[in-house]
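The structure appears below as structure tokens.
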Amino acid sequence: MRRTARCGEFRANVHRGGRAEAAVLSSELAATAVRAARILGLEIAGVDLLEAADGPKVIEVNASPGLEGIEEASGVDVASSVVEHLEQKLSRPRLLRADRAAAGRPR
């Protein structure tokens with residue numbers, strides 16, 4: 001989503017009166033957001049980016065992002081999608097350490 005600050009405010013947070021609208025990310029913006037989350041070891045994150053002439057800039061990575069703006073802007077029930085993802089992940093059988101080591105996977 002793209003957020004725009006209200007007049008006289010530099011922060012575009014929805015809970016501070018910012019406006020959120022749906023946006024299609026360029027492949028460069030999407031890759032930057034995913035890379036920022038992965039660097040911090042996060043599967044789910046909110047990544048705040050600024051578009052600059054020399055490429056996107058990561059401003060903030062939130063491990064527990066607010067969902068109000070993205071749900072409103074996209075029409076997607078993100079919270080339910082996160083819960084569904086976690087339920088699926090937790091229902092998969094987990095390999096024991098010995099099994100991972102035998103399979104050549106790190107512990």
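Letters A, B, ... mark the chains of the structure tokens in the order given; residue numbers begin at 1 per chain; ligand numbers begin at 1, in order shown.
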### Exercise: region 57-73 of chain A partners within 9 Å, only C-alpha atoms, chain neighbours under 3 positions left out, as a count of residues only
32
### Task
Return as an NGL selection string the full set of residues in chain A whose backbone-based DSSP assignment is strand (DSSP E).
:A and (2-4 or 19-21 or 46-50 or 57-62)
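The spacing separating CA of Thr4 (chain A) from CA of Gly18 (chain A) amounts to 5.5 Å.
From CA of Ser74 (chain A) back to CA of Leu29 (chain A), the distance works out to 17.3 Å.
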### Task
Enter the distance from CA of Ala31 (chain A) to CA of Pro56 (chain A), in Å, rounded to one decimal.
9.9 Å
### Query
Do you know which residues are at most 9 Å from Arg6 (chain A) counting only C-alpha atoms, after dropping those on the same chain fewer than 4 positions away, and could you put them as number ranges by chain?
A: 10-12, 16-19
